[in-house]
$ cat target-v9.csv   # CSV, C-alpha atoms and all ligand atoms
chain,number,residue,atom,x,y,z
A,1,MET,CA,-12.1,-3.1,-36.6
A,2,MET,CA,-14.4,-0.2,-35.5
A,3,ASP,CA,-18.1,-0.4,-35.4
A,4,HIS,CA,-20.0,2.8,-34.8
A,5,SER,CA,-23.4,1.4,-35.6
A,6,MET,CA,-24.6,1.2,-32.0
A,7,ALA,CA,-22.6,4.0,-30.5
A,8,GLY,CA,-23.2,7.1,-32.6
A,9,ASP,CA,-20.9,10.1,-32.4
A,10,GLU,CA,-19.8,9.3,-28.9
A,11,GLY,CA,-18.7,5.9,-30.1
A,12,ALA,CA,-16.7,7.4,-32.9
A,13,LEU,CA,-14.8,9.4,-30.3
A,14,CYS,CA,-13.9,6.3,-28.3
A,15,ALA,CA,-14.2,3.7,-31.0
A,16,PRO,CA,-13.7,0.4,-29.2
A,17,VAL,CA,-11.3,-1.8,-31.1
A,18,ASP,CA,-9.3,-5.0,-30.9
A,19,ASP,CA,-6.4,-3.4,-29.3
A,20,LEU,CA,-6.1,-3.2,-25.5
A,21,GLY,CA,-3.9,-0.1,-25.7
A,22,ALA,CA,-6.5,1.7,-27.8
A,23,VAL,CA,-9.2,0.6,-25.4
A,24,VAL,CA,-7.6,2.2,-22.3
A,25,ALA,CA,-6.7,5.3,-24.3
A,26,SER,CA,-10.3,5.7,-25.3
A,27,ALA,CA,-11.4,5.2,-21.7
A,28,PHE,CA,-9.0,8.0,-20.6
A,29,ARG,CA,-10.5,10.3,-23.4
A,30,LEU,CA,-14.0,9.7,-22.0
A,31,PHE,CA,-12.9,10.9,-18.6
A,32,ALA,CA,-11.1,13.9,-20.1
A,33,ARG,CA,-14.3,14.7,-22.0
A,34,GLY,CA,-16.3,14.4,-18.9
A,35,VAL,CA,-14.5,17.4,-17.4
A,36,ALA,CA,-15.0,19.6,-20.4
A,37,ASP,CA,-18.5,18.5,-21.6
A,38,ARG,CA,-21.4,19.0,-19.2
A,39,ARG,CA,-23.5,16.7,-21.3
A,40,SER,CA,-21.1,13.8,-21.1
A,41,ALA,CA,-22.1,10.9,-18.8
A,42,PHE,CA,-18.5,11.0,-17.6
A,43,ARG,CA,-19.3,14.5,-16.1
A,44,THR,CA,-21.2,12.8,-13.2
A,45,PRO,CA,-19.6,9.6,-12.1
A,46,THR,CA,-20.9,7.5,-9.2
A,47,VAL,CA,-18.4,7.3,-6.4
A,48,ALA,CA,-18.7,4.4,-3.8
A,49,THR,CA,-17.2,4.4,-0.3
A,50,VAL,CA,-17.4,1.9,2.5
A,51,GLY,CA,-19.6,3.1,5.4
A,52,ALA,CA,-18.9,2.8,9.1
A,53,ASP,CA,-21.1,-0.3,9.2
A,54,GLY,CA,-19.1,-1.9,6.3
A,55,ALA,CA,-21.9,-1.4,3.8
A,56,PRO,CA,-21.2,0.3,0.4
A,57,ARG,CA,-22.5,3.9,0.0
A,58,VAL,CA,-22.8,5.5,-3.4
A,59,ARG,CA,-23.5,9.0,-4.7
A,60,THR,CA,-23.2,11.0,-7.9
A,61,MET,CA,-20.5,13.6,-8.0
A,62,VAL,CA,-19.3,16.1,-10.6
A,63,LEU,CA,-15.9,15.3,-12.3
A,64,ARG,CA,-13.8,18.5,-11.9
A,65,GLY,CA,-10.5,17.3,-13.2
A,66,PHE,CA,-8.8,14.3,-14.9
A,67,ASP,CA,-5.0,13.7,-15.0
A,68,ALA,CA,-4.3,10.8,-17.3
A,69,ALA,CA,-0.6,10.6,-16.5
A,70,ALA,CA,-1.3,10.4,-12.7
A,71,ARG,CA,-4.5,8.3,-13.3
A,72,ARG,CA,-6.3,10.8,-11.1
A,73,LEU,CA,-9.9,12.1,-10.9
A,74,THR,CA,-10.6,15.3,-9.0
A,75,LEU,CA,-13.9,16.1,-7.3
A,76,HIS,CA,-15.2,18.7,-5.0
A,77,THR,CA,-17.1,18.1,-1.8
A,78,ASP,CA,-18.1,19.4,1.6
A,79,ARG,CA,-15.9,18.2,4.4
A,80,ARG,CA,-18.9,17.9,6.7
A,81,GLY,CA,-20.5,15.2,4.5
A,82,GLU,CA,-20.7,11.6,5.6
A,83,LYS,CA,-18.5,10.3,2.8
A,84,ILE,CA,-15.6,12.2,4.4
A,85,GLY,CA,-15.7,9.9,7.5
A,86,ASP,CA,-16.0,6.9,5.1
A,87,ILE,CA,-12.8,7.9,3.3
A,88,VAL,CA,-10.8,8.7,6.4
A,89,ARG,CA,-11.7,5.2,7.8
A,90,MET,CA,-11.3,3.5,4.4
A,91,PRO,CA,-9.6,5.4,1.6
A,92,ARG,CA,-10.4,2.6,-0.9
A,93,VAL,CA,-13.2,3.8,-3.2
A,94,ALA,CA,-14.8,2.7,-6.4
A,95,VAL,CA,-16.0,4.8,-9.3
A,96,HIS,CA,-18.7,3.8,-11.9
A,97,VAL,CA,-19.9,5.5,-15.1
A,98,TYR,CA,-22.3,4.2,-17.7
A,99,ASP,CA,-22.4,6.2,-20.9
A,100,ALA,CA,-25.6,5.1,-22.7
A,101,ARG,CA,-24.7,6.9,-25.9
A,102,ALA,CA,-21.4,5.2,-26.2
A,103,ALA,CA,-22.8,1.9,-24.6
A,104,ILE,CA,-19.8,1.8,-22.4
A,105,GLN,CA,-19.5,1.1,-18.7
A,106,ILE,CA,-16.3,1.9,-16.8
A,107,ARG,CA,-15.5,0.8,-13.2
A,108,LEU,CA,-12.4,2.0,-11.4
A,109,GLY,CA,-10.8,0.7,-8.2
A,110,ALA,CA,-9.1,3.7,-6.5
A,111,THR,CA,-7.6,5.3,-3.4
A,112,ALA,CA,-9.0,8.6,-2.4
A,113,ARG,CA,-7.1,11.5,-0.7
A,114,LEU,CA,-8.8,14.5,0.9
A,115,HIS,CA,-7.4,18.0,0.5
A,116,VAL,CA,-8.8,20.5,3.1
A,117,ASP,CA,-7.3,23.9,3.7
A,118,ASP,CA,-4.2,23.2,1.7
A,119,GLU,CA,-2.7,24.5,-1.5
A,120,VAL,CA,-4.7,22.1,-3.6
A,121,ALA,CA,-8.0,23.1,-2.0
A,122,ARG,CA,-7.1,26.8,-2.2
A,123,ALA,CA,-6.2,26.6,-5.9
A,124,ALA,CA,-9.4,24.7,-6.7
A,125,TRP,CA,-11.5,27.2,-4.7
A,126,GLN,CA,-10.0,30.1,-6.6
A,127,ARG,CA,-10.5,28.4,-10.0
A,128,ALA,CA,-14.2,27.5,-9.4
A,129,LEU,CA,-17.2,29.7,-10.2
A,130,PRO,CA,-18.8,31.3,-7.1
A,131,ALA,CA,-22.1,29.8,-8.2
A,132,SER,CA,-20.7,26.3,-7.8
A,133,LEU,CA,-19.2,27.2,-4.4
A,134,ALA,CA,-22.3,28.7,-2.8
A,135,CYS,CA,-23.3,25.2,-1.4
A,136,TYR,CA,-20.3,25.3,0.9
A,137,ALA,CA,-21.9,28.1,2.9
A,138,VAL,CA,-24.9,26.0,3.9
A,139,ASP,CA,-25.5,25.8,7.6
A,140,PRO,CA,-25.9,23.3,9.2
A,141,GLY,CA,-23.8,21.0,7.0
A,142,PRO,CA,-25.1,18.5,4.5
A,143,GLY,CA,-27.0,15.5,5.8
A,144,ARG,CA,-28.1,17.1,9.0
A,145,SER,CA,-31.7,16.7,10.0
A,146,VAL,CA,-33.7,19.9,9.9
A,147,ALA,CA,-37.3,20.9,10.6
A,148,ALA,CA,-37.8,22.3,7.1
A,149,PRO,CA,-35.7,22.7,3.9
A,150,PRO,CA,-33.3,25.5,4.5
A,151,ALA,CA,-33.0,28.6,2.2
A,152,ALA,CA,-30.6,28.3,-0.7
A,153,PRO,CA,-27.1,29.3,0.5
A,154,VAL,CA,-25.3,32.3,-1.1
A,155,PHE,CA,-21.6,32.4,-1.9
A,156,SER,CA,-19.4,33.3,1.0
A,157,GLU,CA,-15.6,33.1,1.3
A,158,ALA,CA,-16.2,31.6,4.7
A,159,GLY,CA,-17.5,28.5,2.8
A,160,PHE,CA,-13.8,27.6,2.1
A,161,ALA,CA,-13.6,26.2,5.6
A,162,ASN,CA,-16.1,23.5,4.5
A,163,PHE,CA,-14.6,22.9,1.0
A,164,ALA,CA,-12.6,19.8,0.2
A,165,VAL,CA,-11.0,18.4,-2.9
A,166,LEU,CA,-11.2,14.7,-3.4
A,167,ALA,CA,-8.3,13.3,-5.4
A,168,VAL,CA,-9.1,9.8,-6.6
A,169,ASN,CA,-6.1,7.8,-7.9
A,170,PHE,CA,-7.2,4.6,-9.7
A,171,ASP,CA,-5.1,1.5,-10.0
A,172,SER,CA,-7.6,-0.6,-11.9
A,173,LEU,CA,-10.0,0.1,-14.7
A,174,GLU,CA,-12.6,-2.3,-16.1
A,175,TRP,CA,-14.2,-1.5,-19.4
A,176,LEU,CA,-17.4,-3.0,-20.9
A,177,TRP,CA,-18.7,-2.2,-24.3
A,178,LEU,CA,-22.2,-3.4,-25.2
A,179,HIS,CA,-22.3,-4.4,-28.8
A,180,HIS,CA,-24.8,-6.4,-30.9
A,181,GLY,CA,-21.8,-8.1,-32.6
A,182,GLY,CA,-20.6,-9.3,-29.2
A,183,HIS,CA,-20.0,-7.4,-26.0
A,184,ARG,CA,-16.4,-6.7,-25.1
A,185,ARG,CA,-14.8,-6.4,-21.7
A,186,ALA,CA,-11.3,-5.7,-20.6
A,187,LYS,CA,-9.5,-5.1,-17.4
A,188,PHE,CA,-6.4,-3.0,-16.7
A,189,ALA,CA,-4.4,-3.0,-13.5
A,190,TRP,CA,-1.5,-0.8,-12.6
A,191,THR,CA,1.3,-1.7,-10.2
A,192,ALA,CA,2.9,0.8,-7.8
A,193,ASP,CA,5.8,1.3,-10.3
A,194,GLY,CA,3.3,2.2,-13.0
A,195,GLY,CA,3.4,-1.1,-14.9
A,196,CYS,CA,0.1,-2.0,-16.5
A,197,GLY,CA,-1.4,-5.5,-16.9
A,198,ALA,CA,-4.2,-5.7,-19.4
A,199,SER,CA,-6.4,-8.5,-20.4
A,200,TRP,CA,-9.7,-9.3,-22.2
A,201,LEU,CA,-12.5,-10.8,-20.1
A,202,VAL,CA,-15.6,-12.7,-21.0
A,203,ALA,CA,-18.3,-10.1,-21.0
A,301,LIG,C1,-25.9,15.5,-10.6
A,301,LIG,C2,-25.4,15.5,-9.2
A,301,LIG,C3,-24.1,16.0,-8.9
A,301,LIG,C4,-23.6,16.0,-7.6
A,301,LIG,N1,-22.3,16.5,-7.5
A,301,LIG,C5,-21.8,16.5,-6.2
A,301,LIG,C6,-20.4,16.8,-6.0
A,301,LIG,O1,-19.7,17.2,-7.0
A,301,LIG,N2,-19.9,16.7,-4.8
A,301,LIG,C7,-20.6,16.3,-3.7
A,301,LIG,O2,-20.1,16.2,-2.6
A,301,LIG,N3,-21.9,15.9,-3.9
A,301,LIG,C8,-22.5,16.0,-5.1
A,301,LIG,N4,-23.8,15.6,-5.3
A,301,LIG,C9,-24.6,15.2,-4.1
A,301,LIG,C10,-24.2,13.7,-3.7
A,301,LIG,O3,-24.7,12.8,-4.7
A,301,LIG,C11,-24.6,13.3,-2.3
A,301,LIG,O4,-26.0,13.4,-2.2
A,301,LIG,C12,-24.0,14.3,-1.3
A,301,LIG,O5,-22.6,14.5,-1.6
A,301,LIG,C13,-24.0,13.6,0.1
A,301,LIG,O6,-23.3,12.4,0.1
A,301,LIG,P1,-22.7,11.7,1.4
A,301,LIG,O7,-23.8,11.7,2.4
A,301,LIG,O8,-22.3,10.4,1.0
A,301,LIG,O9,-21.5,12.6,1.9
A,301,LIG,C14,-24.3,15.6,-6.6
A,301,LIG,C15,-25.6,15.0,-6.8
A,301,LIG,C16,-26.1,15.0,-8.1
A,301,LIG,C17,-27.5,14.4,-8.3

$ encode --input "target-v9.csv" --output "structure tokens"
Amino acid sequence: MMDHSMAGDEGALCAPVDDLGAVVASAFRLFARGVADRRSAFRTPTVATVGADGAPRVRTMVLRGFDAAARRLTLHTDRRGEKIGDIVRMPRVAVHVYDARAAIQIRLGATARLHVDDEVARAAWQRALPASLACYAVDPGPGRSVAAPPAAPVFSEAGFANFAVLAVNFDSLEWLWLHHGGHRRAKFAWTADGGCGASWLVA
């Protein structure tokens, strides 16, 4: 049974139902929509890494790609950023999105892989708009302490040396739908051979 009363148009798209297969399919559609629709909450997931001190570190990132078959999110970042060291030390990451219009929270457990100066990075650099690549020319790199805010960087091909693609492969997905008729929560976990275990959870 579908209920769109709380979720509006966004809910109609992802209509939470009684079927776990439909739930995970709707979750995948939300990520795909995040890539295409700048207004979607799924456009800007929160990505969590583990810092050198063992503490969690979170930040907003732009979702650049979603491959449902590979269960992979693609993001762009600066290789000089602090999160790069986090991922090199500990590739396990978590991703969080809350879409207020759809009243849906999704949490992913994932493993991140960095692409720097390889074919994946080159293809992404060439596909992206120069305006979205200007930030990679900033000097010194992000997070450095400076006496005053630096001037806005302008696009430069040299910025490619700082450009990284973050490929985030998830192996678990937890879905929570807030609904006045009873919240619903479900968990999906994939094994290395691609098998998927799915179950409802108490919300
Ligand atoms: C709306 C929004 C989108 C952002 N998108 C990205 C992004 O795609 N890639 C990125 O590295 N940082 C992005 N940032 C900046 C990060 O949130 C973070 O401040 C920066 O990457 C430094 O993180 P770090 O010190 O953990 O490396 C974005 C911030 C906001 C507010």

$ atom_distance --input "target-v9.csv" --atom1 "CA of Gly197 in chain A" --atom2 "CA of Asp171 in chain A"
10.5 Å

$ atom_distance --input "target-v9.csv" --atom1 "CA of Gly85 in chain A" --atom2 "atom N3 of ligand LIG 301 (chain A)"
14.3 Å

$ closest_residue --input "target-v9.csv" --among "A:Leu133, A:Val23, A:Ala167, A:Ala189" --to "Ala112 in chain A" --atoms "all atoms listed in the file"
A:Ala167

$ atom_distance --input "target-v9.csv" --atom1 "CA of Val97 in chain A" --atom2 "CA of Gln126 in chain A"
27.8 Å

$ closest_atom_pairs --input "target-v9.csv" --of "chain A" --to "ligand LIG 301 (chain A)" --cutoff "7 Å" --atoms "all atoms listed in the file" --output "Markdown table"
| residue | atom | partner | partner_atom | distance |
| --- | --- | --- | --- | --- |
| A:Thr44 | CA | A:LIG301 | C1 | 6.0 |
| A:Arg57 | CA | A:LIG301 | O8 | 6.6 |
| A:Val58 | CA | A:LIG301 | O8 | 6.6 |
| A:Arg59 | CA | A:LIG301 | O3 | 4.0 |
| A:Thr60 | CA | A:LIG301 | O3 | 4.0 |
| A:Met61 | CA | A:LIG301 | N1 | 3.4 |
| A:Val62 | CA | A:LIG301 | O1 | 3.8 |
| A:Leu63 | CA | A:LIG301 | O1 | 6.8 |
| A:Leu75 | CA | A:LIG301 | O1 | 5.9 |
| A:His76 | CA | A:LIG301 | N2 | 5.1 |
| A:Thr77 | CA | A:LIG301 | O2 | 3.6 |
| A:Asp78 | CA | A:LIG301 | O2 | 5.6 |
| A:Gly81 | CA | A:LIG301 | O9 | 3.8 |
| A:Glu82 | CA | A:LIG301 | O9 | 3.9 |
| A:Lys83 | CA | A:LIG301 | O9 | 3.9 |
| A:Ile84 | CA | A:LIG301 | O9 | 6.4 |
| A:Pro142 | CA | A:LIG301 | C13 | 6.7 |
| A:Gly143 | CA | A:LIG301 | O7 | 6.0 |

$ closest_residue --input "target-v9.csv" --among "A:Arg101, A:Arg38, A:Arg64, A:Arg80" --to "Trp125 in chain A" --atoms "all atoms listed in the file"
A:Arg64

$ decode --input "target-v9.csv" --residues "range 149-164 of chain A" --atoms "all heavy atoms" --output "PDB file, in the first residue's frame"
ATOM      1  N   PRO A 149      41.448  35.338   3.951  1.00  0.00           N
ATOM      2  CA  PRO A 149      40.831  34.490   2.922  1.00  0.00           C
ATOM      3  C   PRO A 149      41.469  34.753   1.558  1.00  0.00           C
ATOM      4  O   PRO A 149      41.588  35.908   1.155  1.00  0.00           O
ATOM      5  CB  PRO A 149      39.358  34.944   2.932  1.00  0.00           C
ATOM      6  CG  PRO A 149      39.155  35.548   4.267  1.00  0.00           C
ATOM      7  CD  PRO A 149      40.466  36.167   4.658  1.00  0.00           C
ATOM      8  N   PRO A 150      41.904  33.700   0.854  1.00  0.00           N
ATOM      9  CA  PRO A 150      42.556  33.900  -0.441  1.00  0.00           C
ATOM     10  C   PRO A 150      41.546  34.274  -1.528  1.00  0.00           C
ATOM     11  O   PRO A 150      40.346  34.054  -1.367  1.00  0.00           O
ATOM     12  CB  PRO A 150      43.186  32.535  -0.739  1.00  0.00           C
ATOM     13  CG  PRO A 150      42.434  31.556   0.093  1.00  0.00           C
ATOM     14  CD  PRO A 150      41.864  32.284   1.258  1.00  0.00           C
ATOM     15  N   ALA A 151      42.062  34.848  -2.643  1.00  0.00           N
ATOM     16  CA  ALA A 151      41.194  35.185  -3.778  1.00  0.00           C
ATOM     17  C   ALA A 151      40.606  33.902  -4.360  1.00  0.00           C
ATOM     18  O   ALA A 151      41.199  32.821  -4.230  1.00  0.00           O
ATOM     19  CB  ALA A 151      42.015  35.914  -4.831  1.00  0.00           C
ATOM     20  N   ALA A 152      39.444  34.037  -5.006  1.00  0.00           N
ATOM     21  CA  ALA A 152      38.798  32.874  -5.622  1.00  0.00           C
ATOM     22  C   ALA A 152      39.701  32.325  -6.725  1.00  0.00           C
ATOM     23  O   ALA A 152      40.233  33.097  -7.537  1.00  0.00           O
ATOM     24  CB  ALA A 152      37.450  33.285  -6.203  1.00  0.00           C
ATOM     25  N   PRO A 153      39.914  31.016  -6.765  1.00  0.00           N
ATOM     26  CA  PRO A 153      40.766  30.448  -7.809  1.00  0.00           C
ATOM     27  C   PRO A 153      40.073  30.486  -9.168  1.00  0.00           C
ATOM     28  O   PRO A 153      38.845  30.496  -9.232  1.00  0.00           O
ATOM     29  CB  PRO A 153      40.968  29.003  -7.346  1.00  0.00           C
ATOM     30  CG  PRO A 153      39.787  28.708  -6.476  1.00  0.00           C
ATOM     31  CD  PRO A 153      39.369  30.002  -5.862  1.00  0.00           C
ATOM     32  N   VAL A 154      40.868  30.508 -10.231  1.00  0.00           N
ATOM     33  CA  VAL A 154      40.301  30.403 -11.580  1.00  0.00           C
ATOM     34  C   VAL A 154      40.735  29.068 -12.176  1.00  0.00           C
ATOM     35  O   VAL A 154      41.777  28.512 -11.803  1.00  0.00           O
ATOM     36  CB  VAL A 154      40.749  31.574 -12.495  1.00  0.00           C
ATOM     37  CG1 VAL A 154      40.146  32.876 -12.024  1.00  0.00           C
ATOM     38  CG2 VAL A 154      42.269  31.669 -12.548  1.00  0.00           C
ATOM     39  N   PHE A 155      39.925  28.581 -13.107  1.00  0.00           N
ATOM     40  CA  PHE A 155      40.206  27.266 -13.697  1.00  0.00           C
ATOM     41  C   PHE A 155      41.608  27.230 -14.305  1.00  0.00           C
ATOM     42  O   PHE A 155      42.032  28.154 -14.998  1.00  0.00           O
ATOM     43  CB  PHE A 155      39.178  26.932 -14.780  1.00  0.00           C
ATOM     44  CG  PHE A 155      39.545  25.671 -15.515  1.00  0.00           C
ATOM     45  CD1 PHE A 155      39.301  24.433 -14.950  1.00  0.00           C
ATOM     46  CD2 PHE A 155      40.169  25.740 -16.759  1.00  0.00           C
ATOM     47  CE1 PHE A 155      39.668  23.266 -15.613  1.00  0.00           C
ATOM     48  CE2 PHE A 155      40.546  24.577 -17.426  1.00  0.00           C
ATOM     49  CZ  PHE A 155      40.290  23.345 -16.855  1.00  0.00           C
ATOM     50  N   SER A 156      42.305  26.132 -14.040  1.00  0.00           N
ATOM     51  CA  SER A 156      43.607  25.897 -14.656  1.00  0.00           C
ATOM     52  C   SER A 156      43.762  24.390 -14.866  1.00  0.00           C
ATOM     53  O   SER A 156      43.404  23.605 -13.980  1.00  0.00           O
ATOM     54  CB  SER A 156      44.716  26.410 -13.740  1.00  0.00           C
ATOM     55  OG  SER A 156      45.949  25.826 -14.101  1.00  0.00           O
ATOM     56  N   GLU A 157      44.299  24.010 -16.014  1.00  0.00           N
ATOM     57  CA  GLU A 157      44.556  22.580 -16.264  1.00  0.00           C
ATOM     58  C   GLU A 157      45.498  22.008 -15.210  1.00  0.00           C
ATOM     59  O   GLU A 157      45.452  20.824 -14.899  1.00  0.00           O
ATOM     60  CB  GLU A 157      45.157  22.377 -17.658  1.00  0.00           C
ATOM     61  CG  GLU A 157      44.129  22.270 -18.774  1.00  0.00           C
ATOM     62  CD  GLU A 157      43.181  21.072 -18.645  1.00  0.00           C
ATOM     63  OE1 GLU A 157      43.536  20.055 -18.015  1.00  0.00           O
ATOM     64  OE2 GLU A 157      42.053  21.185 -19.170  1.00  0.00           O
ATOM     65  N   ALA A 158      46.340  22.879 -14.652  1.00  0.00           N
ATOM     66  CA  ALA A 158      47.285  22.421 -13.628  1.00  0.00           C
ATOM     67  C   ALA A 158      46.563  21.900 -12.392  1.00  0.00           C
ATOM     68  O   ALA A 158      47.114  21.109 -11.614  1.00  0.00           O
ATOM     69  CB  ALA A 158      48.226  23.558 -13.242  1.00  0.00           C
ATOM     70  N   GLY A 159      45.301  22.314 -12.225  1.00  0.00           N
ATOM     71  CA  GLY A 159      44.512  21.854 -11.088  1.00  0.00           C
ATOM     72  C   GLY A 159      44.291  20.346 -11.099  1.00  0.00           C
ATOM     73  O   GLY A 159      43.995  19.744 -10.066  1.00  0.00           O
ATOM     74  N   PHE A 160      44.445  19.740 -12.272  1.00  0.00           N
ATOM     75  CA  PHE A 160      44.241  18.288 -12.363  1.00  0.00           C
ATOM     76  C   PHE A 160      45.168  17.529 -11.408  1.00  0.00           C
ATOM     77  O   PHE A 160      44.808  16.455 -10.907  1.00  0.00           O
ATOM     78  CB  PHE A 160      44.445  17.804 -13.798  1.00  0.00           C
ATOM     79  CG  PHE A 160      44.249  16.324 -13.949  1.00  0.00           C
ATOM     80  CD1 PHE A 160      42.994  15.745 -13.761  1.00  0.00           C
ATOM     81  CD2 PHE A 160      45.331  15.490 -14.243  1.00  0.00           C
ATOM     82  CE1 PHE A 160      42.817  14.364 -13.874  1.00  0.00           C
ATOM     83  CE2 PHE A 160      45.157  14.119 -14.361  1.00  0.00           C
ATOM     84  CZ  PHE A 160      43.894  13.553 -14.180  1.00  0.00           C
ATOM     85  N   ALA A 161      46.317  18.100 -11.141  1.00  0.00           N
ATOM     86  CA  ALA A 161      47.263  17.445 -10.220  1.00  0.00           C
ATOM     87  C   ALA A 161      46.670  17.302  -8.821  1.00  0.00           C
ATOM     88  O   ALA A 161      47.093  16.442  -8.040  1.00  0.00           O
ATOM     89  CB  ALA A 161      48.568  18.245 -10.158  1.00  0.00           C
ATOM     90  N   ASN A 162      45.684  18.133  -8.514  1.00  0.00           N
ATOM     91  CA  ASN A 162      45.062  18.100  -7.174  1.00  0.00           C
ATOM     92  C   ASN A 162      43.715  17.379  -7.163  1.00  0.00           C
ATOM     93  O   ASN A 162      43.086  17.247  -6.112  1.00  0.00           O
ATOM     94  CB  ASN A 162      44.842  19.532  -6.669  1.00  0.00           C
ATOM     95  CG  ASN A 162      46.122  20.313  -6.619  1.00  0.00           C
ATOM     96  OD1 ASN A 162      47.157  19.764  -6.247  1.00  0.00           O
ATOM     97  ND2 ASN A 162      46.067  21.580  -7.010  1.00  0.00           N
ATOM     98  N   PHE A 163      43.272  16.958  -8.322  1.00  0.00           N
ATOM     99  CA  PHE A 163      41.914  16.431  -8.481  1.00  0.00           C
ATOM    100  C   PHE A 163      41.866  14.936  -8.165  1.00  0.00           C
ATOM    101  O   PHE A 163      42.735  14.172  -8.589  1.00  0.00           O
ATOM    102  CB  PHE A 163      41.472  16.674  -9.927  1.00  0.00           C
ATOM    103  CG  PHE A 163      40.115  16.154 -10.269  1.00  0.00           C
ATOM    104  CD1 PHE A 163      38.969  16.759  -9.769  1.00  0.00           C
ATOM    105  CD2 PHE A 163      39.969  15.069 -11.121  1.00  0.00           C
ATOM    106  CE1 PHE A 163      37.705  16.284 -10.113  1.00  0.00           C
ATOM    107  CE2 PHE A 163      38.713  14.586 -11.472  1.00  0.00           C
ATOM    108  CZ  PHE A 163      37.580  15.201 -10.962  1.00  0.00           C
ATOM    109  N   ALA A 164      40.850  14.550  -7.422  1.00  0.00           N
ATOM    110  CA  ALA A 164      40.675  13.126  -7.101  1.00  0.00           C
ATOM    111  C   ALA A 164      39.209  12.742  -7.260  1.00  0.00           C
ATOM    112  O   ALA A 164      38.308  13.529  -6.971  1.00  0.00           O
ATOM    113  CB  ALA A 164      41.123  12.851  -5.669  1.00  0.00           C
TER     114      ALA A 164
END
